[in-house]
file protein_19.pdb (PDB, C-alpha atoms)
MODEL        1
ATOM      1  CA  MET A 956      28.412  32.734  -6.002
ATOM      2  CA  THR A 957      31.604  30.729  -6.422
ATOM      3  CA  HIS A 958      31.998  27.956  -8.952
ATOM      4  CA  VAL A 959      31.922  24.388  -7.709
ATOM      5  CA  THR A 960      35.276  22.770  -8.502
ATOM      6  CA  THR A 961      34.378  19.276  -7.250
ATOM      7  CA  ILE A 962      31.352  18.780  -9.485
ATOM      8  CA  ARG A 963      33.109  16.086 -11.550
ATOM      9  CA  ASP A 964      34.779  14.264  -8.632
ATOM     10  CA  PRO A 965      34.256  10.522  -9.425
ATOM     11  CA  LEU A 966      34.577   9.519  -5.771
ATOM     12  CA  ARG A 967      31.790  11.907  -4.883
ATOM     13  CA  TYR A 968      29.354  10.562  -7.465
ATOM     14  CA  GLY A 969      30.275   6.891  -7.712
ATOM     15  CA  PHE A 970      27.794   5.741  -5.071
ATOM     16  CA  ALA A 971      25.017   8.054  -6.306
ATOM     17  CA  VAL A 972      25.384   6.898  -9.915
ATOM     18  CA  GLY A 973      25.326   3.263  -8.834
ATOM     19  CA  ARG A 974      22.104   3.895  -6.935
ATOM     20  CA  VAL A 975      20.604   5.702  -9.925
ATOM     21  CA  ARG A 976      21.335   2.766 -12.223
ATOM     22  CA  VAL A 977      19.240   0.568  -9.945
ATOM     23  CA  LEU A 978      16.441   3.131  -9.535
ATOM     24  CA  GLU A 979      16.213   3.683 -13.303
ATOM     25  CA  THR A 980      14.954   0.108 -13.657
ATOM     26  CA  ARG A 981      11.918   1.098 -11.584
ATOM     27  CA  LEU A 982      10.887   3.989 -13.817
ATOM     28  CA  LEU A 983       7.457   3.478 -15.356
ATOM     29  CA  LYS A 984       7.333   2.078 -18.870
ATOM     30  CA  ARG A 985       4.996   3.020 -21.702
ATOM     31  CA  SER A 986       3.041  -0.147 -20.867
ATOM     32  CA  HIS A 987       2.270   1.220 -17.385
ATOM     33  CA  TYR A 988       0.771   4.372 -18.888
ATOM     34  CA  GLU A 989      -1.273   2.370 -21.374
ATOM     35  CA  ARG A 990      -2.665   0.223 -18.551
ATOM     36  CA  LEU A 991      -3.529   3.360 -16.564
ATOM     37  CA  LEU A 992      -5.403   4.647 -19.602
ATOM     38  CA  ASP A 993      -7.263   1.380 -20.114
ATOM     39  CA  ALA A 994      -8.181   0.959 -16.419
ATOM     40  CA  ALA A 995     -11.918   0.967 -15.770
ATOM     41  CA  ASP A 996     -11.674   3.211 -12.699
ATOM     42  CA  PHE A 997      -9.299   4.690 -10.144
ATOM     43  CA  GLU A 998      -9.223   1.492  -8.093
ATOM     44  CA  GLU A 999      -7.860  -0.365 -11.098
ATOM     45  CA  GLN A1000      -5.364   2.424 -11.737
ATOM     46  CA  ARG A1001      -4.195   2.080  -8.165
ATOM     47  CA  ARG A1002      -3.697  -1.666  -8.657
ATOM     48  CA  VAL A1003      -1.616  -0.975 -11.765
ATOM     49  CA  LEU A1004       0.657   1.219  -9.637
ATOM     50  CA  SER A1005       0.662  -1.045  -6.573
ATOM     51  CA  GLU A1006       4.043  -2.608  -7.370
ATOM     52  CA  THR A1007       5.686   0.640  -8.481
ATOM     53  CA  PRO A1008       7.252   3.354  -6.280
ATOM     54  CA  TYR A1009       3.795   5.004  -6.174
ATOM     55  CA  GLY A1010       2.028   2.041  -4.548
ATOM     56  CA  ALA A1011       2.824   3.052  -0.969
ATOM     57  CA  TYR A1012       1.832   6.667  -1.608
ATOM     58  CA  LEU A1013      -1.574   5.671  -2.969
ATOM     59  CA  GLU A1014      -2.608   3.400  -0.098
ATOM     60  CA  GLY A1015      -5.899   4.633   1.337
ATOM     61  CA  VAL A1016      -6.295   7.303  -1.353
ATOM     62  CA  SER A1017      -9.822   7.746  -2.687
ATOM     63  CA  THR A1018     -10.243  11.337  -3.938
ATOM     64  CA  ALA A1019      -8.616  13.681  -6.423
ATOM     65  CA  ASP A1020      -7.444  15.910  -3.565
ATOM     66  CA  ASP A1021      -5.777  12.880  -1.980
ATOM     67  CA  VAL A1022      -3.991  12.124  -5.255
ATOM     68  CA  GLU A1023      -2.735  15.700  -5.517
ATOM     69  CA  ARG A1024      -1.500  15.569  -1.934
ATOM     70  CA  VAL A1025       0.353  12.255  -2.159
ATOM     71  CA  LEU A1026       1.962  13.047  -5.510
ATOM     72  CA  ASP A1027       3.104  16.372  -4.091
ATOM     73  CA  ARG A1028       4.652  14.337  -1.281
ATOM     74  CA  ALA A1029       6.289  11.976  -3.786
ATOM     75  CA  LEU A1030       7.852  14.951  -5.539
ATOM     76  CA  ALA A1031       8.909  16.528  -2.238
ATOM     77  CA  ASP A1032      10.511  13.237  -1.151
ATOM     78  CA  LEU A1033      12.409  13.076  -4.425
ATOM     79  CA  LEU A1034      13.677  16.629  -4.108
ATOM     80  CA  ARG A1035      14.450  16.454  -0.401
ATOM     81  CA  ASP A1036      15.520  12.907   0.425
ATOM     82  CA  PHE A1037      17.039  11.743  -2.835
ATOM     83  CA  LEU A1038      18.888  14.979  -3.555
ATOM     84  CA  ARG A1039      20.444  14.999  -0.098
ATOM     85  CA  SER A1040      21.406  11.323  -0.149
ATOM     86  CA  ALA A1041      22.935  11.722  -3.612
ATOM     87  CA  ASN A1042      25.647  13.905  -2.051
ATOM     88  CA  LEU A1043      25.318  16.590  -4.689
ATOM     89  CA  PRO A1044      26.889  20.022  -4.137
ATOM     90  CA  GLU A1045      24.647  22.515  -2.368
ATOM     91  CA  VAL A1046      24.319  24.653  -5.490
ATOM     92  CA  VAL A1047      22.977  21.660  -7.453
ATOM     93  CA  VAL A1048      20.498  20.848  -4.685
ATOM     94  CA  ALA A1049      19.411  24.495  -4.693
ATOM     95  CA  PHE A1050      19.013  24.371  -8.488
ATOM     96  CA  PHE A1051      16.295  21.733  -8.131
ATOM     97  CA  ARG A1052      14.685  23.010  -4.942
ATOM     98  CA  VAL A1053      14.501  26.735  -5.691
ATOM     99  CA  GLY A1054      11.092  26.220  -7.318
ATOM    100  CA  GLU A1055       9.604  25.286  -3.945
ATOM    101  CA  ASP A1056      10.549  28.681  -2.505
ATOM    102  CA  TYR A1057       9.070  30.483  -5.488
ATOM    103  CA  ASP A1058       5.874  28.437  -5.223
ATOM    104  CA  ASP A1059       5.549  29.803  -1.698
ATOM    105  CA  LEU A1060       5.997  33.363  -2.993
ATOM    106  CA  ARG A1061       3.295  32.544  -5.538
ATOM    107  CA  GLY A1062       0.999  31.389  -2.740
ATOM    108  CA  LEU A1063       1.621  34.504  -0.655
ATOM    109  CA  LEU A1064       0.696  36.852  -3.498
ATOM    110  CA  LYS A1065      -2.322  34.843  -4.657
ATOM    111  CA  ALA A1066      -3.670  34.771  -1.101
ATOM    112  CA  GLU A1067      -3.279  38.534  -0.940
ATOM    113  CA  ALA A1068      -4.992  39.046  -4.309
ATOM    114  CA  LEU A1069      -7.885  36.741  -3.342
ATOM    115  CA  GLY A1070      -8.205  38.008   0.222
ATOM    116  CA  LEU A1071      -7.461  34.579   1.710
ATOM    117  CA  PRO A1072      -5.345  33.660   4.758
ATOM    118  CA  PRO A1073      -1.796  33.136   3.413
ATOM    119  CA  ALA A1074      -1.420  29.739   5.092
ATOM    120  CA  ASP A1075      -4.285  28.408   2.920
ATOM    121  CA  LEU A1076      -2.125  28.607  -0.216
ATOM    122  CA  LEU A1077       1.325  27.792   1.174
ATOM    123  CA  GLY A1078       2.921  24.407   0.708
ATOM    124  CA  GLY A1079       5.690  25.084   3.198
ATOM    125  CA  SER A1080       8.074  22.634   1.505
ATOM    126  CA  GLY A1081      10.657  25.286   0.681
ATOM    127  CA  SER A1082      13.499  26.630   2.779
ATOM    128  CA  VAL A1083      11.250  28.975   4.802
ATOM    129  CA  GLY A1084       8.654  27.721   7.276
ATOM    130  CA  ILE A1085       5.012  28.743   6.926
ATOM    131  CA  ASP A1086       5.046  30.888  10.087
ATOM    132  CA  ASP A1087       8.033  32.857   8.812
ATOM    133  CA  LEU A1088       6.464  33.197   5.366
ATOM    134  CA  VAL A1089       3.245  34.611   6.832
ATOM    135  CA  ALA A1090       5.204  36.977   9.084
ATOM    136  CA  GLY A1091       7.336  38.169   6.176
ATOM    137  CA  ARG A1092      10.579  36.829   7.651
ATOM    138  CA  LEU A1093      12.328  36.003   4.373
ATOM    139  CA  PRO A1094      16.019  35.756   3.486
ATOM    140  CA  ALA A1095      17.276  38.769   1.559
ATOM    141  CA  SER A1096      17.272  36.990  -1.822
ATOM    142  CA  LEU A1097      13.629  35.902  -1.538
ATOM    143  CA  ALA A1098      12.527  39.234  -0.065
ATOM    144  CA  GLY A1099      14.092  40.992  -3.045
ATOM    145  CA  ALA A1100      12.448  38.592  -5.483
ATOM    146  CA  LEU A1101       9.070  39.135  -3.813
ATOM    147  CA  ARG A1102       9.392  42.906  -4.276
ATOM    148  CA  VAL A1103      10.200  42.498  -7.968
ATOM    149  CA  ILE A1104       7.349  40.032  -8.522
ATOM    150  CA  ARG A1105       4.855  42.253  -6.711
ATOM    151  CA  ALA A1106       5.860  45.227  -8.854
ATOM    152  CA  GLN A1107       5.529  43.179 -12.046
ATOM    153  CA  ALA A1108       2.072  41.888 -11.082
ATOM    154  CA  THR A1109       0.739  45.284  -9.952
ATOM    155  CA  THR A1110      -1.002  47.635 -12.369
ATOM    156  CA  ASP A1111      -0.486  51.371 -12.657
ATOM    157  CA  GLU A1112      -3.632  51.678 -10.530
ATOM    158  CA  ASP A1113      -1.801  49.826  -7.713
ATOM    159  CA  GLU A1114      -3.956  46.706  -8.151
ATOM    160  CA  LEU A1115      -2.379  43.285  -7.653
ATOM    161  CA  ARG A1116      -3.709  41.278 -10.626
ATOM    162  CA  ILE A1117      -3.990  37.547 -10.009
ATOM    163  CA  GLU A1118      -3.577  36.665 -13.692
ATOM    164  CA  LEU A1119      -0.179  38.411 -13.685
ATOM    165  CA  ILE A1120       1.204  36.614 -10.623
ATOM    166  CA  ASP A1121       2.160  33.339 -12.331
ATOM    167  CA  PRO A1122       4.150  34.897 -15.178
ATOM    168  CA  ALA A1123       5.794  37.372 -12.772
ATOM    169  CA  VAL A1124       6.859  34.542 -10.441
ATOM    170  CA  ASP A1125       8.109  32.425 -13.338
ATOM    171  CA  THR A1126      10.246  35.281 -14.664
ATOM    172  CA  GLU A1127      12.078  35.602 -11.351
ATOM    173  CA  LEU A1128      12.226  31.841 -10.827
ATOM    174  CA  TYR A1129      13.995  31.183 -14.121
ATOM    175  CA  ARG A1130      16.373  34.049 -13.499
ATOM    176  CA  ALA A1131      17.310  32.357 -10.211
ATOM    177  CA  ILE A1132      17.637  28.976 -11.963
ATOM    178  CA  ALA A1133      20.024  30.468 -14.539
ATOM    179  CA  GLU A1134      22.144  32.047 -11.782
ATOM    180  CA  LEU A1135      22.391  28.735  -9.926
ATOM    181  CA  ALA A1136      23.311  26.899 -13.141
ATOM    182  CA  ASP A1137      26.121  29.393 -13.782
ATOM    183  CA  ALA A1138      27.294  29.131 -10.181
ATOM    184  CA  SER A1139      27.519  25.344 -10.478
ATOM    185  CA  GLY A1140      30.152  25.604 -13.204
ATOM    186  CA  ASN A1141      28.423  22.691 -14.960
ATOM    187  CA  ASP A1142      27.529  22.918 -18.654
ATOM    188  CA  TYR A1143      24.823  20.289 -18.241
ATOM    189  CA  LEU A1144      22.907  22.390 -15.722
ATOM    190  CA  ARG A1145      23.376  25.430 -17.937
ATOM    191  CA  GLU A1146      21.772  23.478 -20.783
ATOM    192  CA  ILE A1147      18.833  22.529 -18.563
ATOM    193  CA  ALA A1148      18.426  26.198 -17.646
ATOM    194  CA  ARG A1149      18.509  27.202 -21.336
ATOM    195  CA  VAL A1150      15.869  24.665 -22.381
ATOM    196  CA  SER A1151      13.745  25.520 -19.331
ATOM    197  CA  ALA A1152      13.898  29.230 -20.199
ATOM    198  CA  ASP A1153      12.654  28.501 -23.727
ATOM    199  CA  LEU A1154       9.754  26.455 -22.350
ATOM    200  CA  ALA A1155       8.907  29.157 -19.809
ATOM    201  CA  ASN A1156       8.837  31.779 -22.571
ATOM    202  CA  VAL A1157       6.591  29.640 -24.764
ATOM    203  CA  LYS A1158       4.216  29.210 -21.818
ATOM    204  CA  VAL A1159       4.143  32.959 -21.153
ATOM    205  CA  PHE A1160       3.665  33.737 -24.849
ATOM    206  CA  VAL A1161       0.759  31.315 -25.286
ATOM    207  CA  ARG A1162      -0.877  32.405 -22.012
ATOM    208  CA  MET A1163      -0.749  36.083 -22.987
ATOM    209  CA  ARG A1164      -1.685  35.480 -26.635
ATOM    210  CA  VAL A1165      -4.770  33.419 -25.788
ATOM    211  CA  LYS A1166      -5.935  36.088 -23.337
ATOM    212  CA  GLU A1167      -5.323  38.691 -26.080
ATOM    213  CA  LEU A1168      -3.310  40.863 -23.724
ATOM    214  CA  ALA A1169      -1.099  43.543 -25.225
ATOM    215  CA  VAL A1170       2.323  42.513 -26.505
ATOM    216  CA  ALA A1171       3.880  44.718 -23.809
ATOM    217  CA  TYR A1172       2.585  42.288 -21.178
ATOM    218  CA  ALA A1173       4.198  39.361 -22.985
ATOM    219  CA  THR A1174       7.605  40.995 -23.336
ATOM    220  CA  ARG A1175       7.791  42.109 -19.699
ATOM    221  CA  PHE A1176       7.507  38.499 -18.539
ATOM    222  CA  LEU A1177       9.902  36.849 -20.982
ATOM    223  CA  VAL A1178      12.879  35.102 -19.375
ATOM    224  CA  GLU A1179      16.487  35.736 -20.330
ATOM    225  CA  GLY A1180      18.849  32.925 -21.255
ATOM    226  CA  GLY A1181      16.783  30.909 -23.726
ATOM    227  CA  SER A1182      17.726  30.119 -27.318
ATOM    228  CA  ILE A1183      14.579  31.651 -28.864
ATOM    229  CA  PRO A1184      15.165  35.417 -29.305
ATOM    230  CA  HIS A1185      12.596  37.647 -27.640
ATOM    231  CA  GLU A1186      12.184  39.433 -30.944
ATOM    232  CA  ARG A1187      10.782  36.244 -32.438
ATOM    233  CA  PHE A1188       8.032  36.127 -29.829
ATOM    234  CA  VAL A1189       7.172  39.755 -30.609
ATOM    235  CA  ALA A1190       6.926  38.902 -34.324
ATOM    236  CA  LEU A1191       4.787  35.806 -33.606
ATOM    237  CA  TYR A1192       2.429  37.923 -31.506
ATOM    238  CA  ARG A1193       1.080  39.402 -34.725
ATOM    239  CA  LEU A1194      -0.154  35.976 -35.839
ATOM    240  CA  SER A1195      -3.125  33.998 -34.600
ATOM    241  CA  ALA A1196      -2.422  31.833 -31.556
ATOM    242  CA  GLU A1197      -2.835  28.684 -33.677
ATOM    243  CA  GLU A1198      -0.421  29.812 -36.390
ATOM    244  CA  ALA A1199       2.121  30.956 -33.807
ATOM    245  CA  ALA A1200       1.965  27.531 -32.138
ATOM    246  CA  GLN A1201       2.554  25.845 -35.500
ATOM    247  CA  ARG A1202       5.697  27.884 -36.026
ATOM    248  CA  LEU A1203       7.012  27.360 -32.484
ATOM    249  CA  THR A1204       6.743  23.585 -32.851
ATOM    250  CA  ALA A1205       8.425  23.515 -36.255
ATOM    251  CA  THR A1206      11.955  24.206 -34.959
ATOM    252  CA  GLY A1207      14.053  24.303 -31.809
ATOM    253  CA  VAL A1208      13.342  22.471 -28.559
ATOM    254  CA  LEU A1209       9.645  22.058 -29.418
ATOM    255  CA  ARG A1210      10.266  20.419 -32.780
ATOM    256  CA  GLY A1211       7.782  17.592 -33.285
ATOM    257  CA  VAL A1212       5.465  18.566 -30.418
ATOM    258  CA  ASP A1213       1.757  18.680 -31.228
ATOM    259  CA  PRO A1214       0.910  22.412 -31.496
ATOM    260  CA  GLU A1215      -2.366  21.799 -29.652
ATOM    261  CA  ALA A1216      -0.384  20.725 -26.572
ATOM    262  CA  LEU A1217       0.664  24.347 -26.084
ATOM    263  CA  PHE A1218      -2.933  25.349 -25.300
ATOM    264  CA  ASP A1219      -3.690  22.627 -22.736
ATOM    265  CA  PRO A1220      -2.025  23.550 -19.390
ATOM    266  CA  ALA A1221      -2.039  19.972 -18.055
ATOM    267  CA  ARG A1222      -0.675  18.600 -21.301
ATOM    268  CA  PHE A1223       1.912  21.352 -21.661
ATOM    269  CA  ASP A1224       3.336  20.570 -18.216
ATOM    270  CA  VAL A1225       3.856  16.957 -19.322
ATOM    271  CA  VAL A1226       5.336  18.110 -22.640
ATOM    272  CA  ALA A1227       7.715  20.535 -20.925
ATOM    273  CA  ASP A1228       9.177  17.910 -18.612
ATOM    274  CA  ARG A1229       9.499  15.412 -21.463
ATOM    275  CA  VAL A1230      11.207  17.958 -23.724
ATOM    276  CA  VAL A1231      13.840  18.592 -21.061
ATOM    277  CA  VAL A1232      14.403  14.846 -20.648
ATOM    278  CA  ARG A1233      14.590  14.343 -24.426
ATOM    279  CA  GLU A1234      17.050  17.158 -24.944
ATOM    280  CA  LEU A1235      19.338  15.939 -22.176
ATOM    281  CA  ARG A1236      19.102  12.169 -22.547
ATOM    282  CA  ARG A1237      22.788  12.007 -23.480
ATOM    283  CA  ALA A1238      23.615  12.519 -19.801
ATOM    284  CA  ARG A1239      22.589   8.946 -19.028
ATOM    285  CA  MET A1240      25.613   7.735 -21.016
ATOM    286  CA  VAL A1241      28.112   9.452 -18.704
ATOM    287  CA  ALA A1242      29.791   6.813 -16.532
ATOM    288  CA  VAL A1243      30.440   8.857 -13.384
ATOM    289  CA  GLY A1244      29.484  12.433 -12.601
ATOM    290  CA  PRO A1245      26.451  14.548 -11.754
ATOM    291  CA  GLU A1246      24.795  14.092 -15.150
ATOM    292  CA  PRO A1247      23.204  10.641 -14.619
ATOM    293  CA  VAL A1248      21.966  11.702 -11.185
ATOM    294  CA  VAL A1249      20.458  14.926 -12.503
ATOM    295  CA  ALA A1250      18.936  13.085 -15.488
ATOM    296  CA  TYR A1251      17.240  10.621 -13.137
ATOM    297  CA  ILE A1252      15.722  13.479 -11.119
ATOM    298  CA  LEU A1253      14.365  15.020 -14.320
ATOM    299  CA  MET A1254      12.922  11.697 -15.482
ATOM    300  CA  ARG A1255      11.218  11.091 -12.131
ATOM    301  CA  ARG A1256       9.803  14.612 -12.111
ATOM    302  CA  ALA A1257       8.399  14.058 -15.613
ATOM    303  CA  GLU A1258       7.016  10.695 -14.526
ATOM    304  CA  ILE A1259       5.200  12.208 -11.535
ATOM    305  CA  ALA A1260       3.659  14.863 -13.795
ATOM    306  CA  THR A1261       2.397  12.159 -16.175
ATOM    307  CA  VAL A1262       0.946  10.002 -13.394
ATOM    308  CA  ARG A1263      -0.778  13.085 -11.958
ATOM    309  CA  THR A1264      -2.327  13.896 -15.336
ATOM    310  CA  LEU A1265      -3.698  10.378 -15.844
ATOM    311  CA  LEU A1266      -5.057   9.896 -12.315
ATOM    312  CA  ILE A1267      -6.555  13.355 -11.875
ATOM    313  CA  GLY A1268      -7.923  13.180 -15.407
ATOM    314  CA  ARG A1269      -9.847  10.041 -14.508
ATOM    315  CA  PHE A1270     -11.356  11.706 -11.422
ATOM    316  CA  ALA A1271     -12.284  14.752 -13.510
ATOM    317  CA  GLY A1272     -14.069  12.631 -16.090
ATOM    318  CA  VAL A1273     -11.659  13.504 -18.892
ATOM    319  CA  SER A1274     -12.211  11.138 -21.799
ATOM    320  CA  ARG A1275      -9.703   8.427 -22.640
ATOM    321  CA  ASP A1276      -9.182  10.031 -26.044
ATOM    322  CA  VAL A1277      -8.131  13.319 -24.464
ATOM    323  CA  LEU A1278      -5.876  11.577 -21.944
ATOM    324  CA  ARG A1279      -4.391   9.496 -24.740
ATOM    325  CA  SER A1280      -3.621  12.668 -26.664
ATOM    326  CA  ARG A1281      -1.602  13.820 -23.669
ATOM    327  CA  LEU A1282       0.110  10.454 -23.513
ATOM    328  CA  ARG A1283       1.299  10.898 -27.094
ATOM    329  CA  ASP A1284       3.910  13.266 -25.728
ATOM    330  CA  VAL A1285       5.385  10.633 -23.398
ATOM    331  CA  ALA A1286       8.490   8.941 -24.778
TER     332      ALA A1286
ENDMDL
END
call {"tool": "encode", "arguments": {"input": "protein_19.pdb", "output": "structure tokens"}}
result
Amino acid sequence: MTHVTTIRDPLRYGFAVGRVRVLETRLLKRSHYERLLDAADFEEQRRVLSETPYGAYLEGVSTADDVERVLDRALADLLRDFLRSANLPEVVVAFFRVGEDYDDLRGLLKAEALGLPPADLLGGSGSVGIDDLVAGRLPASLAGALRVIRAQATTDEDELRIELIDPAVDTELYRAIAELADASGNDYLREIARVSADLANVKVFVRMRVKELAVAYATRFLVEGGSIPHERFVALYRLSAEEAAQRLTATGVLRGVDPEALFDPARFDVVADRVVVRELRRARMVAVGPEPVVAYILMRRAEIATVRTLLIGRFAGVSRDVLRSRLRDVA
């Protein structure tokens, strides 16, 4: 890939940054989240969000599946429509959208492992249509990634293990993210990739440690490019999961995070997005360039994850105290 030489062109980003400054005023505040927590039921939650960007998405919604679907659409609209209209270089657009392609690879392999029709688990929001995904018509880069992921998630007995699919996909996904960040020639995207790699490695470590899988499984799925040395994860593997979490949250990108958040998948997803936003908040101070635009995308993505947690949590009957503990991680 060639480096993008126009990534700091002020004429290119002037309009996009101006639009972002307006859109930032519509980001949800802490008070919105508190009102969602205090709402008596989903109908009241929906009223709280009626005058926010989520109001139109939630019209006619009445079930948890509906909420999942419309918030997926909100995220897809952000990644597709906003990214394109922001006039960002193709490599920057790819940096944010590559996860959709890897989610489709995830769906293909999980369908195979579960014996389900592939279309049942495909979102189809990536660069390859569902029909082509099912038929195996993939571009060379994705076809190569699929082969690597399949090999990583397959045992010596030639069994595709469903519990190994997620970490295998994530390993390849973050490798692709790091390559795109380097290709962009932008230090800000490289920093996002570094922080994201650390978070991905923490997620893999905790997942494997809780399941008490051998350390060899953990090391094979660790991502390159993070700031936490792989050797540290190997050393922490000798400790209890709780003690390891305490040490991981004492320094580095996870400093100050509640160690218990590492063991709650829904809460960790919120934490991960918020950590990225916290680490890169300085980008909002840049007058003109890709940084404010990219920072807005990250903040909206984190916001969607938080709204999803609070709405789905209410449908699932999760207590306010538990939901509030997840909200503690929201800036």
call {"tool": "residues_around", "arguments": {"input": "protein_19.pdb", "residues": "A:Ala1171", "least_positions_apart": "6", "cutoff": "12 Å", "atoms": "all atoms listed in the file", "output": "tab-separated table (two decimals) with C-alpha atoms, in the coordinates of the input"}}
result
chain	number	residue	atom	x	y	z
A	1107	GLN	CA	5.53	43.18	-12.05
A	1160	PHE	CA	3.66	33.74	-24.85
A	1163	MET	CA	-0.75	36.08	-22.99
A	1164	ARG	CA	-1.68	35.48	-26.64
A	1177	LEU	CA	9.90	36.85	-20.98
A	1185	HIS	CA	12.60	37.65	-27.64
A	1188	PHE	CA	8.03	36.13	-29.83
A	1189	VAL	CA	7.17	39.76	-30.61
A	1192	TYR	CA	2.43	37.92	-31.51
call {"tool": "closest_residue", "arguments": {"input": "protein_19.pdb", "among": "A:Val1232, A:Ala1136, A:Ile1259, A:Val1083", "to": "A:Val1048", "atoms": "only C-alpha atoms"}}
result
A:Ala1136
call {"tool": "closest_residue", "arguments": {"input": "protein_19.pdb", "among": "A:Thr1174, A:Ser1017, A:Ser1151, A:Thr1110", "to": "A:Glu1234", "atoms": "all atoms listed in the file"}}
result
A:Ser1151
call {"tool": "residues_around", "arguments": {"input": "protein_19.pdb", "residues": "A:Leu1265", "least_positions_apart": "2", "cutoff": "9 Å", "atoms": "only C-alpha atoms", "output": "list in words"}}
result
Tyr988, Leu991, Leu992, Ala1260, Thr1261, Val1262, Arg1263, Ile1267, Gly1268, Arg1269, Phe1270, Leu1278, Arg1279, Arg1281 and Leu1282 of chain A
call {"tool": "atom_distance", "arguments": {"input": "protein_19.pdb", "atom1": "atom CA of A:Leu1209", "atom2": "atom CA of A:Glu1197"}}
result
14.8 Å
call {"tool": "resolve_selection", "arguments": {"input": "protein_19.pdb", "expression": "the PyMOL selection byres ((chain A and resi 1152) around 10)", "output": "PyMOL selection string"}}
result
chain A and resi 1125-1126+1128-1130+1132-1133+1146-1151+1153-1158+1177-1183
call {"tool": "write_last_selection", "arguments": {"input": "protein_19.pdb", "atoms": "C-alpha atoms", "output": "short mmCIF file (atom, residue, chain, number, x, y, z; two decimals), in the frame of the given file"}}
result
data_model
loop_
_atom_site.label_atom_id
_atom_site.label_comp_id
_atom_site.auth_asym_id
_atom_site.auth_seq_id
_atom_site.Cartn_x
_atom_site.Cartn_y
_atom_site.Cartn_z
CA ASP A 1125 8.11 32.42 -13.34
CA THR A 1126 10.25 35.28 -14.66
CA LEU A 1128 12.23 31.84 -10.83
CA TYR A 1129 14.00 31.18 -14.12
CA ARG A 1130 16.37 34.05 -13.50
CA ILE A 1132 17.64 28.98 -11.96
CA ALA A 1133 20.02 30.47 -14.54
CA GLU A 1146 21.77 23.48 -20.78
CA ILE A 1147 18.83 22.53 -18.56
CA ALA A 1148 18.43 26.20 -17.65
CA ARG A 1149 18.51 27.20 -21.34
CA VAL A 1150 15.87 24.66 -22.38
CA SER A 1151 13.74 25.52 -19.33
CA ASP A 1153 12.65 28.50 -23.73
CA LEU A 1154 9.75 26.46 -22.35
CA ALA A 1155 8.91 29.16 -19.81
CA ASN A 1156 8.84 31.78 -22.57
CA VAL A 1157 6.59 29.64 -24.76
CA LYS A 1158 4.22 29.21 -21.82
CA LEU A 1177 9.90 36.85 -20.98
CA VAL A 1178 12.88 35.10 -19.38
CA GLU A 1179 16.49 35.74 -20.33
CA GLY A 1180 18.85 32.92 -21.26
CA GLY A 1181 16.78 30.91 -23.73
CA SER A 1182 17.73 30.12 -27.32
CA ILE A 1183 14.58 31.65 -28.86
#
call {"tool": "atom_distance", "arguments": {"input": "protein_19.pdb", "atom1": "atom CA of A:Arg1052", "atom2": "atom CA of A:Arg1035"}}
result
8.0 Å
call {"tool": "axis_aligned_box", "arguments": {"input": "protein_19.pdb", "around": "stretch 1189-1196 of chain A", "padding_each_side": "4 Å", "output": "AutoDock Vina command-line options"}}
result
--center_x 2.0 --center_y 35.8 --center_z -33.2 --size_x 18.3 --size_y 15.9 --size_z 13.2
call {"tool": "closest_residue", "arguments": {"input": "protein_19.pdb", "among": "A:Val1226, A:Val1165, A:Leu1115, A:Leu1060", "to": "A:Gly1079", "atoms": "all atoms listed in the file"}}
result
A:Leu1060
call {"tool": "closest_residue", "arguments": {"input": "protein_19.pdb", "among": "A:Arg1233, A:Arg1222, A:Arg1116, A:Lys1065", "to": "A:Ser1280", "atoms": "only C-alpha atoms"}}
result
A:Arg1222
call {"tool": "closest_residue", "arguments": {"input": "protein_19.pdb", "among": "A:Pro1094, A:Lys1166, A:Tyr1172, A:Asp1075", "to": "A:Pro1122", "atoms": "only C-alpha atoms"}}
result
A:Tyr1172
call {"tool": "atom_distance", "arguments": {"input": "protein_19.pdb", "atom1": "atom CA of A:Asp1087", "atom2": "atom CA of A:Ala1074"}}
result
10.6 Å
call {"tool": "residues_around", "arguments": {"input": "protein_19.pdb", "residues": "stretch 1019-1033 of chain A", "least_positions_apart": "2", "cutoff": "12 Å", "atoms": "only C-alpha atoms", "output": "count of residues only"}}
result
54
call {"tool": "build_atoms", "arguments": {"input": "protein_19.pdb", "residues": "stretch 971-977 of chain A", "atoms": "N, CA and C atoms", "output": "PDB file, in the coordinates of the input"}}
result
ATOM      1  N   ALA A 971      26.293   7.511  -5.834  1.00  0.00           N
ATOM      2  CA  ALA A 971      25.017   8.054  -6.306  1.00  0.00           C
ATOM      3  C   ALA A 971      24.665   7.504  -7.676  1.00  0.00           C
ATOM      4  N   VAL A 972      25.654   7.409  -8.577  1.00  0.00           N
ATOM      5  CA  VAL A 972      25.384   6.898  -9.915  1.00  0.00           C
ATOM      6  C   VAL A 972      25.006   5.424  -9.854  1.00  0.00           C
ATOM      7  N   GLY A 973      25.687   4.668  -8.999  1.00  0.00           N
ATOM      8  CA  GLY A 973      25.326   3.263  -8.834  1.00  0.00           C
ATOM      9  C   GLY A 973      23.895   3.096  -8.357  1.00  0.00           C
ATOM     10  N   ARG A 974      23.481   3.944  -7.434  1.00  0.00           N
ATOM     11  CA  ARG A 974      22.104   3.895  -6.935  1.00  0.00           C
ATOM     12  C   ARG A 974      21.117   4.260  -8.036  1.00  0.00           C
ATOM     13  N   VAL A 975      21.473   5.267  -8.829  1.00  0.00           N
ATOM     14  CA  VAL A 975      20.604   5.702  -9.925  1.00  0.00           C
ATOM     15  C   VAL A 975      20.409   4.582 -10.938  1.00  0.00           C
ATOM     16  N   ARG A 976      21.457   3.843 -11.239  1.00  0.00           N
ATOM     17  CA  ARG A 976      21.335   2.766 -12.223  1.00  0.00           C
ATOM     18  C   ARG A 976      20.314   1.722 -11.770  1.00  0.00           C
ATOM     19  N   VAL A 977      20.242   1.496 -10.474  1.00  0.00           N
ATOM     20  CA  VAL A 977      19.240   0.568  -9.945  1.00  0.00           C
ATOM     21  C   VAL A 977      17.853   1.203 -10.007  1.00  0.00           C
TER      22      VAL A 977
END
